[in-house]
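Undergrad: Take a look at protein-v3.csv, CSV, C-alpha atoms and all ligand atoms:
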```
chain,number,residue,atom,x,y,z
A,1,MET,CA,-72.2,-79.2,-65.7
A,2,ASN,CA,-74.5,-78.3,-62.9
A,3,PHE,CA,-73.0,-79.4,-59.5
A,4,ALA,CA,-74.9,-79.6,-56.3
A,5,PHE,CA,-72.7,-76.8,-55.1
A,6,ALA,CA,-69.7,-74.9,-56.5
A,7,PRO,CA,-66.7,-77.4,-56.9
A,8,HIS,CA,-63.4,-76.6,-55.2
A,9,PRO,CA,-60.9,-75.0,-57.6
A,10,THR,CA,-57.8,-76.8,-58.7
A,11,VAL,CA,-54.9,-75.9,-56.4
A,12,ALA,CA,-52.4,-73.9,-58.5
A,13,ALA,CA,-48.8,-73.8,-57.4
A,14,PRO,CA,-46.8,-70.9,-58.8
A,15,VAL,CA,-43.9,-71.8,-61.1
A,16,LEU,CA,-40.7,-69.7,-61.7
A,17,GLY,CA,-41.1,-68.0,-65.1
A,18,GLY,CA,-44.1,-70.0,-66.2
A,19,ALA,CA,-47.8,-70.9,-65.9
A,20,PRO,CA,-48.9,-72.4,-62.5
A,21,PHE,CA,-48.7,-76.1,-61.8
A,22,PRO,CA,-52.1,-77.7,-61.3
A,23,VAL,CA,-51.8,-79.9,-58.2
A,24,HIS,CA,-53.2,-83.5,-58.3
A,25,ARG,CA,-51.9,-85.4,-55.2
A,26,ILE,CA,-49.3,-84.9,-52.5
A,27,TYR,CA,-47.2,-88.0,-51.7
A,28,CYS,CA,-44.7,-87.9,-48.9
A,29,VAL,CA,-41.8,-90.2,-48.1
A,30,GLY,CA,-41.2,-91.2,-44.5
A,31,ARG,CA,-37.7,-91.3,-42.9
A,32,ASN,CA,-35.5,-90.8,-45.9
A,33,TYR,CA,-32.3,-89.4,-44.2
A,34,VAL,CA,-30.3,-91.7,-42.0
A,35,GLU,CA,-29.8,-89.2,-39.1
A,36,HIS,CA,-33.6,-88.4,-39.1
A,37,ALA,CA,-34.5,-92.1,-39.1
A,38,LYS,CA,-32.2,-92.5,-36.1
A,39,GLU,CA,-33.7,-89.6,-34.2
A,40,MET,CA,-37.1,-91.2,-34.8
A,41,GLY,CA,-35.7,-94.5,-33.4
A,42,PHE,CA,-35.0,-96.5,-36.5
A,43,SER,CA,-31.9,-97.9,-38.2
A,44,GLY,CA,-32.3,-96.1,-41.5
A,45,ARG,CA,-32.1,-99.3,-43.6
A,46,GLU,CA,-35.7,-100.0,-44.4
A,47,PRO,CA,-37.5,-99.8,-47.8
A,48,PRO,CA,-39.2,-96.5,-48.6
A,49,PHE,CA,-42.7,-96.0,-47.4
A,50,PHE,CA,-45.3,-93.3,-48.3
A,51,PHE,CA,-48.2,-91.4,-46.9
A,52,LEU,CA,-50.4,-88.7,-48.5
A,53,LYS,CA,-51.6,-85.2,-47.8
A,54,PRO,CA,-54.7,-83.7,-49.5
A,55,ALA,CA,-53.8,-81.2,-52.3
A,56,ASP,CA,-55.7,-78.4,-50.5
A,57,ALA,CA,-53.3,-78.7,-47.5
A,58,LEU,CA,-50.8,-76.7,-49.6
A,59,VAL,CA,-50.0,-73.2,-48.7
A,60,CYS,CA,-48.1,-71.7,-51.7
A,61,VAL,CA,-45.6,-69.0,-50.9
A,62,GLY,CA,-43.7,-66.8,-53.3
A,63,PRO,CA,-39.9,-66.4,-52.8
A,64,ASP,CA,-40.2,-62.7,-51.7
A,65,ALA,CA,-43.2,-63.3,-49.5
A,66,THR,CA,-43.7,-64.6,-46.0
A,67,GLY,CA,-46.4,-67.2,-45.9
A,68,SER,CA,-48.7,-67.6,-43.0
A,69,ILE,CA,-50.1,-70.7,-41.3
A,70,ASP,CA,-52.3,-71.0,-38.2
A,71,TYR,CA,-51.1,-73.1,-35.3
A,72,PRO,CA,-53.3,-76.1,-35.7
A,73,ARG,CA,-55.9,-77.4,-33.2
A,74,LEU,CA,-55.4,-80.8,-31.4
A,75,THR,CA,-51.6,-80.5,-30.9
A,76,ALA,CA,-49.1,-79.2,-28.4
A,77,GLU,CA,-46.1,-80.4,-30.5
A,78,PHE,CA,-46.2,-78.8,-33.9
A,79,HIS,CA,-43.1,-79.9,-35.8
A,80,HIS,CA,-41.2,-78.5,-38.9
A,81,GLU,CA,-39.8,-80.9,-41.5
A,82,VAL,CA,-37.9,-79.2,-44.4
A,83,GLU,CA,-38.0,-81.3,-47.6
A,84,LEU,CA,-37.1,-81.3,-51.2
A,85,VAL,CA,-40.4,-81.5,-53.2
A,86,VAL,CA,-40.4,-83.1,-56.7
A,87,ALA,CA,-43.2,-81.9,-59.1
A,88,ILE,CA,-44.3,-84.6,-61.5
A,89,GLY,CA,-44.9,-83.4,-65.1
A,90,LYS,CA,-45.5,-86.7,-66.8
A,91,GLY,CA,-47.4,-89.6,-65.3
A,92,GLY,CA,-46.8,-93.3,-65.5
A,93,ALA,CA,-46.9,-96.7,-63.6
A,94,ASP,CA,-44.0,-99.0,-63.0
A,95,ILE,CA,-41.5,-96.4,-64.1
A,96,VAL,CA,-37.9,-97.7,-64.4
A,97,GLU,CA,-35.0,-95.8,-62.9
A,98,ALA,CA,-33.4,-94.9,-66.3
A,99,ASP,CA,-36.7,-93.1,-67.3
A,100,ALA,CA,-37.5,-91.5,-63.9
A,101,ALA,CA,-35.8,-88.1,-64.8
A,102,GLN,CA,-38.3,-87.6,-67.7
A,103,HIS,CA,-41.2,-87.5,-65.3
A,104,VAL,CA,-39.8,-84.6,-63.3
A,105,PHE,CA,-41.3,-81.2,-64.0
A,106,GLY,CA,-39.4,-79.3,-61.4
A,107,TYR,CA,-38.4,-78.9,-57.7
A,108,ALA,CA,-39.4,-76.7,-54.8
A,109,VAL,CA,-38.7,-76.3,-51.1
A,110,GLY,CA,-41.5,-77.6,-48.9
A,111,LEU,CA,-42.4,-78.1,-45.2
A,112,ASP,CA,-44.1,-81.3,-44.1
A,113,MET,CA,-45.7,-79.8,-41.0
A,114,THR,CA,-46.6,-82.4,-38.4
A,115,ARG,CA,-48.7,-82.8,-35.3
A,116,ARG,CA,-46.0,-84.9,-33.7
A,117,ASP,CA,-47.9,-85.8,-30.6
A,118,ARG,CA,-50.9,-87.1,-32.6
A,119,GLN,CA,-48.6,-89.0,-35.0
A,120,THR,CA,-46.7,-90.6,-32.1
A,121,GLU,CA,-50.0,-91.6,-30.5
A,122,MET,CA,-51.4,-93.1,-33.7
A,123,LYS,CA,-48.1,-95.0,-34.4
A,124,LYS,CA,-48.2,-96.5,-30.9
A,125,ALA,CA,-51.8,-97.6,-31.5
A,126,GLY,CA,-51.0,-99.0,-34.9
A,127,ARG,CA,-53.5,-96.6,-36.5
A,128,PRO,CA,-53.2,-94.3,-39.6
A,129,TRP,CA,-51.2,-91.1,-39.3
A,130,CYS,CA,-53.6,-88.8,-41.1
A,131,ILE,CA,-54.4,-86.7,-38.1
A,132,GLY,CA,-50.7,-86.1,-37.5
A,133,LYS,CA,-49.8,-85.4,-41.1
A,134,ALA,CA,-52.7,-84.6,-43.4
A,135,PHE,CA,-54.4,-81.7,-41.8
A,136,ASP,CA,-55.3,-78.2,-43.2
A,137,GLN,CA,-52.3,-76.0,-44.1
A,138,SER,CA,-49.8,-78.8,-43.3
A,139,ALA,CA,-47.9,-78.5,-46.6
A,140,PRO,CA,-46.3,-75.1,-47.2
A,141,LEU,CA,-44.6,-75.0,-50.6
A,142,GLY,CA,-42.2,-72.5,-52.2
A,143,LEU,CA,-42.0,-71.5,-55.8
A,144,ILE,CA,-41.5,-74.4,-58.2
A,145,ALA,CA,-38.3,-74.1,-60.3
A,146,PRO,CA,-38.6,-76.0,-63.6
A,147,VAL,CA,-35.9,-78.7,-64.0
A,148,ALA,CA,-34.9,-77.0,-67.2
A,149,THR,CA,-33.5,-74.2,-65.0
A,150,THR,CA,-32.1,-76.3,-62.2
A,151,GLY,CA,-30.9,-79.5,-63.8
A,152,ALA,CA,-31.3,-82.7,-61.8
A,153,LEU,CA,-30.9,-81.9,-58.1
A,154,THR,CA,-28.8,-84.6,-56.5
A,155,ALA,CA,-26.6,-82.6,-54.1
A,156,GLY,CA,-26.8,-79.4,-52.1
A,157,ALA,CA,-27.5,-78.1,-48.6
A,158,ILE,CA,-31.0,-78.3,-47.2
A,159,THR,CA,-31.6,-76.2,-44.1
A,160,LEU,CA,-34.3,-74.8,-41.9
A,161,SER,CA,-34.0,-72.0,-39.4
A,162,VAL,CA,-36.5,-70.8,-36.8
A,163,ASN,CA,-36.3,-67.1,-35.8
A,164,GLY,CA,-32.8,-67.0,-37.4
A,165,GLN,CA,-31.5,-70.0,-35.5
A,166,GLU,CA,-30.6,-73.1,-37.5
A,167,ARG,CA,-32.5,-76.2,-36.6
A,168,GLN,CA,-32.1,-78.6,-39.5
A,169,ARG,CA,-29.2,-79.1,-41.9
A,170,GLY,CA,-28.5,-81.8,-44.3
A,171,ASP,CA,-27.4,-82.4,-47.9
A,172,LEU,CA,-29.5,-83.9,-50.7
A,173,ARG,CA,-26.6,-86.5,-51.2
A,174,GLU,CA,-27.8,-88.0,-47.8
A,175,LEU,CA,-31.2,-89.1,-49.1
A,176,ILE,CA,-31.5,-92.8,-48.5
A,177,TRP,CA,-33.7,-93.2,-51.6
A,178,ASN,CA,-32.9,-90.6,-54.3
A,179,VAL,CA,-35.5,-88.9,-56.5
A,180,ALA,CA,-35.3,-91.5,-59.3
A,181,GLU,CA,-35.6,-94.4,-56.8
A,182,ILE,CA,-38.6,-92.7,-55.1
A,183,ILE,CA,-40.3,-92.4,-58.5
A,184,VAL,CA,-39.7,-96.1,-59.2
A,185,HIS,CA,-41.1,-97.2,-55.8
A,186,LEU,CA,-44.1,-94.8,-55.8
A,187,SER,CA,-45.1,-95.7,-59.4
A,188,ARG,CA,-45.3,-99.4,-58.5
A,189,ALA,CA,-48.0,-98.6,-55.9
A,190,TRP,CA,-49.8,-95.7,-57.6
A,191,THR,CA,-50.1,-94.5,-61.2
A,192,LEU,CA,-48.3,-91.2,-61.1
A,193,GLN,CA,-50.2,-88.3,-62.7
A,194,PRO,CA,-49.0,-84.9,-64.0
A,195,GLY,CA,-49.6,-82.6,-61.1
A,196,ASP,CA,-48.4,-84.9,-58.4
A,197,LEU,CA,-46.0,-83.5,-55.8
A,198,ILE,CA,-43.6,-85.7,-53.8
A,199,TYR,CA,-42.2,-84.5,-50.4
A,200,THR,CA,-39.0,-86.5,-50.3
A,201,GLY,CA,-38.3,-86.6,-46.5
A,202,THR,CA,-36.5,-84.5,-44.0
A,203,PRO,CA,-33.0,-84.4,-42.5
A,204,ALA,CA,-32.3,-84.5,-38.8
A,205,GLY,CA,-33.2,-81.7,-36.4
A,206,VAL,CA,-37.0,-81.7,-36.5
A,207,GLY,CA,-38.5,-79.8,-33.7
A,208,ALA,CA,-41.4,-77.7,-32.5
A,209,VAL,CA,-42.6,-74.3,-33.4
A,210,VAL,CA,-45.0,-72.0,-31.5
A,211,ARG,CA,-47.2,-69.0,-32.4
A,212,GLY,CA,-45.1,-66.1,-33.5
A,213,ASP,CA,-42.2,-68.2,-34.9
A,214,LEU,CA,-40.7,-67.5,-38.3
A,215,MET,CA,-39.4,-70.5,-40.3
A,216,ARG,CA,-37.0,-70.1,-43.2
A,217,ALA,CA,-36.4,-73.1,-45.4
A,218,HIS,CA,-33.7,-73.3,-48.0
A,219,ILE,CA,-32.3,-75.8,-50.5
A,220,GLU,CA,-29.2,-74.8,-52.6
A,221,GLY,CA,-30.3,-73.8,-56.1
A,222,LEU,CA,-34.1,-73.3,-55.3
A,223,PRO,CA,-36.2,-70.3,-54.3
A,224,PRO,CA,-36.3,-70.1,-50.5
A,225,LEU,CA,-39.5,-70.5,-48.5
A,226,GLN,CA,-40.4,-68.4,-45.5
A,227,VAL,CA,-43.5,-69.1,-43.3
A,228,ALA,CA,-44.8,-67.5,-40.1
A,229,VAL,CA,-46.9,-69.4,-37.5
A,230,HIS,CA,-49.9,-67.5,-36.2
A,301,MN,MN,-41.6,-85.6,-43.7
```
When written as structure tokens, how does the structure in this file appear?

TA:
Amino acid sequence: MNFAFAPHPTVAAPVLGGAPFPVHRIYCVGRNYVEHAKEMGFSGREPPFFFLKPADALVCVGPDATGSIDYPRLTAEFHHEVELVVAIGKGGADIVEADAAQHVFGYAVGLDMTRRDRQTEMKKAGRPWCIGKAFDQSAPLGLIAPVATTGALTAGAITLSVNGQERQRGDLRELIWNVAEIIVHLSRAWTLQPGDLIYTGTPAGVGAVVRGDLMRAHIEGLPPLQVAVH
């Protein structure tokens, strides 16, 4: 087909021991760990809610590499959020909990980078969060490990350090809504497609990074993710 201009290529996320994962959409879950919900001023007992990032906000980083992101414009409060990312291999709508596992292709470590000042401002005004969450390079992602190699991830430490100092620590057991429940809720609102990624929420300890900082994100059983801020 002749397009008016060259179309953007499909974003390809590297997969451990296999062909790359063609990314469709990036869904994110808000406030999915009790201690983080509390630090954001909430009780931690509300139903899950979702927002999206564009697929081309991804910055894919191999396990032996250090990724690089630019400090974004329009913020003085650039926050890290380490998250378990679920890669969807089989689509569907109204998926039931017993079937949810069949839709998981694999898992990765991700960072839901946030312009916290812009997000806070928009929340207060009752406006959409896009400028705070869905900007360029806002979704660093580590290597995707196929579920065949990891098994279902339901427990394990999730941590983030900045310049060698630990900032965030939690355990996947502390997810308010687990991976199967997230798939159930999401697939009621959107038809999930192969290629979708789900950032499942962050534990407590979110905070700011500045130019020159090095973030190291880790989840037990997954390839680590290292990203520098320039
Ligand atoms: Mn998040």

Undergrad: Which residues of chain A sit at most 8 Å from ligand MN 301 (chain A), using only C-alpha atoms and all ligand atoms? Give each one's shortest atom pair and distance in Å (one decimal place), in chain and ascending residue order, as a Markdown table.

TA:
```
| residue | atom | partner | partner_atom | distance |
| --- | --- | --- | --- | --- |
| A:Cys28 | CA | A:MN301 | MN | 6.5 |
| A:Val29 | CA | A:MN301 | MN | 6.4 |
| A:Gly30 | CA | A:MN301 | MN | 5.7 |
| A:Arg31 | CA | A:MN301 | MN | 7.0 |
| A:Glu81 | CA | A:MN301 | MN | 5.5 |
| A:Val82 | CA | A:MN301 | MN | 7.4 |
| A:Glu83 | CA | A:MN301 | MN | 6.8 |
| A:Leu111 | CA | A:MN301 | MN | 7.7 |
| A:Asp112 | CA | A:MN301 | MN | 5.0 |
| A:Met113 | CA | A:MN301 | MN | 7.6 |
| A:Thr114 | CA | A:MN301 | MN | 8.0 |
| A:Tyr199 | CA | A:MN301 | MN | 6.8 |
| A:Thr200 | CA | A:MN301 | MN | 7.2 |
| A:Gly201 | CA | A:MN301 | MN | 4.4 |
| A:Thr202 | CA | A:MN301 | MN | 5.2 |
```

Undergrad: Set the distance at 7 Å and use only C-alpha atoms: which residues neighbour A:Ile88 once local chain neighbours fewer than 6 positions away are removed? I'd like the list as a list in words.

TA: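 Using only C-alpha atoms, the neighbours found are His103, Val104, Phe105, Pro194, Gly195, Asp196 and Leu197 of chain A.
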
Undergrad: Just want the 12 Å neighbourhood of stretch 206-215 of chain A, counted on all atoms listed in the file, with same-chain residues fewer than 4 positions away dropped. Output as a PyMOL selection string.

TA: chain A and resi 31+33+35-40+66-72+75-83+110-117+140+159-170+201-202+224-230

Undergrad: My list of candidates is A:Gly91, A:Gly18, A:Gly126, A:Gly106. Which is closest to A:Leu222 when distances are computed with all atoms listed in the file?

TA: A:Gly106

Undergrad: One number please: atom CA of A:Gln137 to atom CA of A:Val59, in Å, one decimal.

TA: 5.9 Å

Undergrad: Point out the residue among A:Asn32, A:Ala98, A:Val11, A:Ala157 with the least atom-to-atom distance to A:Asn178, counting all atoms listed in the file.

TA: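 Between A:Asn32, A:Ala98, A:Val11, A:Ala157, the residue approaching A:Asn178 most closely is A:Asn32.
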
Undergrad: So how many Å separate atom CA of A:Ala100 and atom CA of A:Val184, to one decimal?

TA: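 These atoms are spaced 6.9 Å apart.
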
Undergrad: Which residues are near A:Leu58? Cut-off 9 Å, only C-alpha atoms, ignore same chain within fewer than 4 positions. Put them as a PyMOL selection string.

TA: chain A and resi 11+13+26+53-54+136-141

Undergrad: At a cut-off of 12 Å from (-50.4, -91.9, -60.0) in the coordinates of the file, what residues are picked up using all atoms listed in the file, written as a PDB file with C-alpha atoms, in the coordinates of the input?

TA:
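In the end it all went to selection.pdb:
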```pdb
ATOM      1  CA  HIS A  24     -53.200 -83.500 -58.300  1.00  0.00           C
ATOM      2  CA  ARG A  25     -51.900 -85.400 -55.200  1.00  0.00           C
ATOM      3  CA  ILE A  26     -49.300 -84.900 -52.500  1.00  0.00           C
ATOM      4  CA  TYR A  27     -47.200 -88.000 -51.700  1.00  0.00           C
ATOM      5  CA  LEU A  52     -50.400 -88.700 -48.500  1.00  0.00           C
ATOM      6  CA  ILE A  88     -44.300 -84.600 -61.500  1.00  0.00           C
ATOM      7  CA  GLY A  89     -44.900 -83.400 -65.100  1.00  0.00           C
ATOM      8  CA  LYS A  90     -45.500 -86.700 -66.800  1.00  0.00           C
ATOM      9  CA  GLY A  91     -47.400 -89.600 -65.300  1.00  0.00           C
ATOM     10  CA  GLY A  92     -46.800 -93.300 -65.500  1.00  0.00           C
ATOM     11  CA  ALA A  93     -46.900 -96.700 -63.600  1.00  0.00           C
ATOM     12  CA  ASP A  94     -44.000 -99.000 -63.000  1.00  0.00           C
ATOM     13  CA  ILE A  95     -41.500 -96.400 -64.100  1.00  0.00           C
ATOM     14  CA  HIS A 103     -41.200 -87.500 -65.300  1.00  0.00           C
ATOM     15  CA  ILE A 183     -40.300 -92.400 -58.500  1.00  0.00           C
ATOM     16  CA  VAL A 184     -39.700 -96.100 -59.200  1.00  0.00           C
ATOM     17  CA  HIS A 185     -41.100 -97.200 -55.800  1.00  0.00           C
ATOM     18  CA  LEU A 186     -44.100 -94.800 -55.800  1.00  0.00           C
ATOM     19  CA  SER A 187     -45.100 -95.700 -59.400  1.00  0.00           C
ATOM     20  CA  ARG A 188     -45.300 -99.400 -58.500  1.00  0.00           C
ATOM     21  CA  ALA A 189     -48.000 -98.600 -55.900  1.00  0.00           C
ATOM     22  CA  TRP A 190     -49.800 -95.700 -57.600  1.00  0.00           C
ATOM     23  CA  THR A 191     -50.100 -94.500 -61.200  1.00  0.00           C
ATOM     24  CA  LEU A 192     -48.300 -91.200 -61.100  1.00  0.00           C
ATOM     25  CA  GLN A 193     -50.200 -88.300 -62.700  1.00  0.00           C
ATOM     26  CA  PRO A 194     -49.000 -84.900 -64.000  1.00  0.00           C
ATOM     27  CA  GLY A 195     -49.600 -82.600 -61.100  1.00  0.00           C
ATOM     28  CA  ASP A 196     -48.400 -84.900 -58.400  1.00  0.00           C
ATOM     29  CA  LEU A 197     -46.000 -83.500 -55.800  1.00  0.00           C
ATOM     30  CA  ILE A 198     -43.600 -85.700 -53.800  1.00  0.00           C
TER      31      ILE A 198
END
```

Undergrad: Can you tell me how far atom CA of A:Ile182 sits from atom CA of A:Pro48, in Å to one decimal?

TA: 7.6 Å

Undergrad: Would you please work out which residue, of A:Ala125, A:Ala134, A:Val86, A:Ala57, is nearest to A:Ala152 when using only C-alpha atoms?

TA: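 Smallest separation from A:Ala152 among the options: A:Val86.
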